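Heads up: the structure comes next, in structure tokens.
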Amino acid sequence: MASYFDEHDCEPVNPEREARNSMLLELARRVRGAWTWAPGSRSLFNRMDFEDLGLVVDWDHHLPPPAAKAVVETLPRTVISSSQAELKCPVCLLEFEEEETVIEMPCHHLFHSNCILPWLSKTNSCPLCRHELPTDDDTYEEHRRDKARKQQQQHRLENLHGAMYT
């Protein structure tokens, strides 16, 4: 099946977008050609279908998804004491006022709610230390678990290697 641009002997305005659309059409053809669904299966296609077409997100080179809304809503609110009044919000760089209520991240960094909530609606990490909060994106959470497993395996190998030579 020839593309619209081949049929009309013209070039696309945005070649990257056209290539992505072609990949999506190819994925749809694959699904239509092999429409099988077994009870208990989680998806009609597997990860390889997406990898073949270049549609899998490389999370190491993209921003993580937003923090889970339920997690953001349950972040602790802290009242600034007189000893903390000279601290500044790392986002807006304004000093906190005594008795002001701020949001405390799990890493214990404090932020004005007007500063941190828009940030967490775009990405799931602390702007200072990059401590990550859970997300609602299953593929990203799977990526995080895989990354943690690889780091743990690397740590074990380094300890094993060190134990062999001590």
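Identifiers in this document derive from the order of the structure tokens: chains are assigned A, B, ..., residues are numbered from 1 separately in each chain, and ligands are numbered from 1 in order of occurrence.
Residues within 12 Å of A:Asn124, counting only C-alpha atoms and excluding same-chain residues fewer than 5 positions away, are Leu63, Pro64, Pro65, Pro66, Ala67, Ala68, Lys69, Val71, Val72, Met105, Pro106, Ile116, Leu117, Pro118, Trp119, Cys129, Arg130, His131, Glu132, Leu133, Pro134, Thr135, Asp136, Asp137, Tyr140, Glu141 and Arg144 of chain A.
With only C-alpha atoms as the basis for measurement, A:Val102 is the residue among A:Val102, A:Leu110, A:Ala148, A:Leu120 that approaches A:Arg77 most closely.
The space separating atom CA of A:Phe96 from atom CA of A:Ser113 comes to 11.6 Å.
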Find the residues of stretch 121-166 of chain A that sit at most 12 Å from stretch 83-91 of chain A; for each, write down the nearest two atoms and how far apart they are in Å, to one decimal. Count only C-alpha atoms. Sort by chain, then by number going up, and give it as a tab-separated table.
residue	atom	partner	partner_atom	distance
A:Cys126	CA	A:Pro90	CA	10.3
A:Pro127	CA	A:Val91	CA	7.8
A:Leu128	CA	A:Pro90	CA	7.4
A:Cys129	CA	A:Pro90	CA	11.0
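Taking atom CA of A:Ser81 as the reference point, atom CA of A:Thr101 is found at 9.8 Å.
Using only C-alpha atoms, the smallest distance between any of A:Pro76, A:Cys107, A:His112, A:Met164 and A:Leu94 comes from A:His112.
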- Message: DSSP on the backbone: which residues in stretch 76-133 of chain A end up as strand (DSSP E or B)? Give the answer as number ranges by chain.
- Response: A: 77-79, 88, 95, 101-104, 110-111, 125, 132
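Among the candidates A:Ala163, A:Cys115, A:Thr74, A:Ile80, the one nearest to A:Leu93 when counting only C-alpha atoms is A:Cys115.
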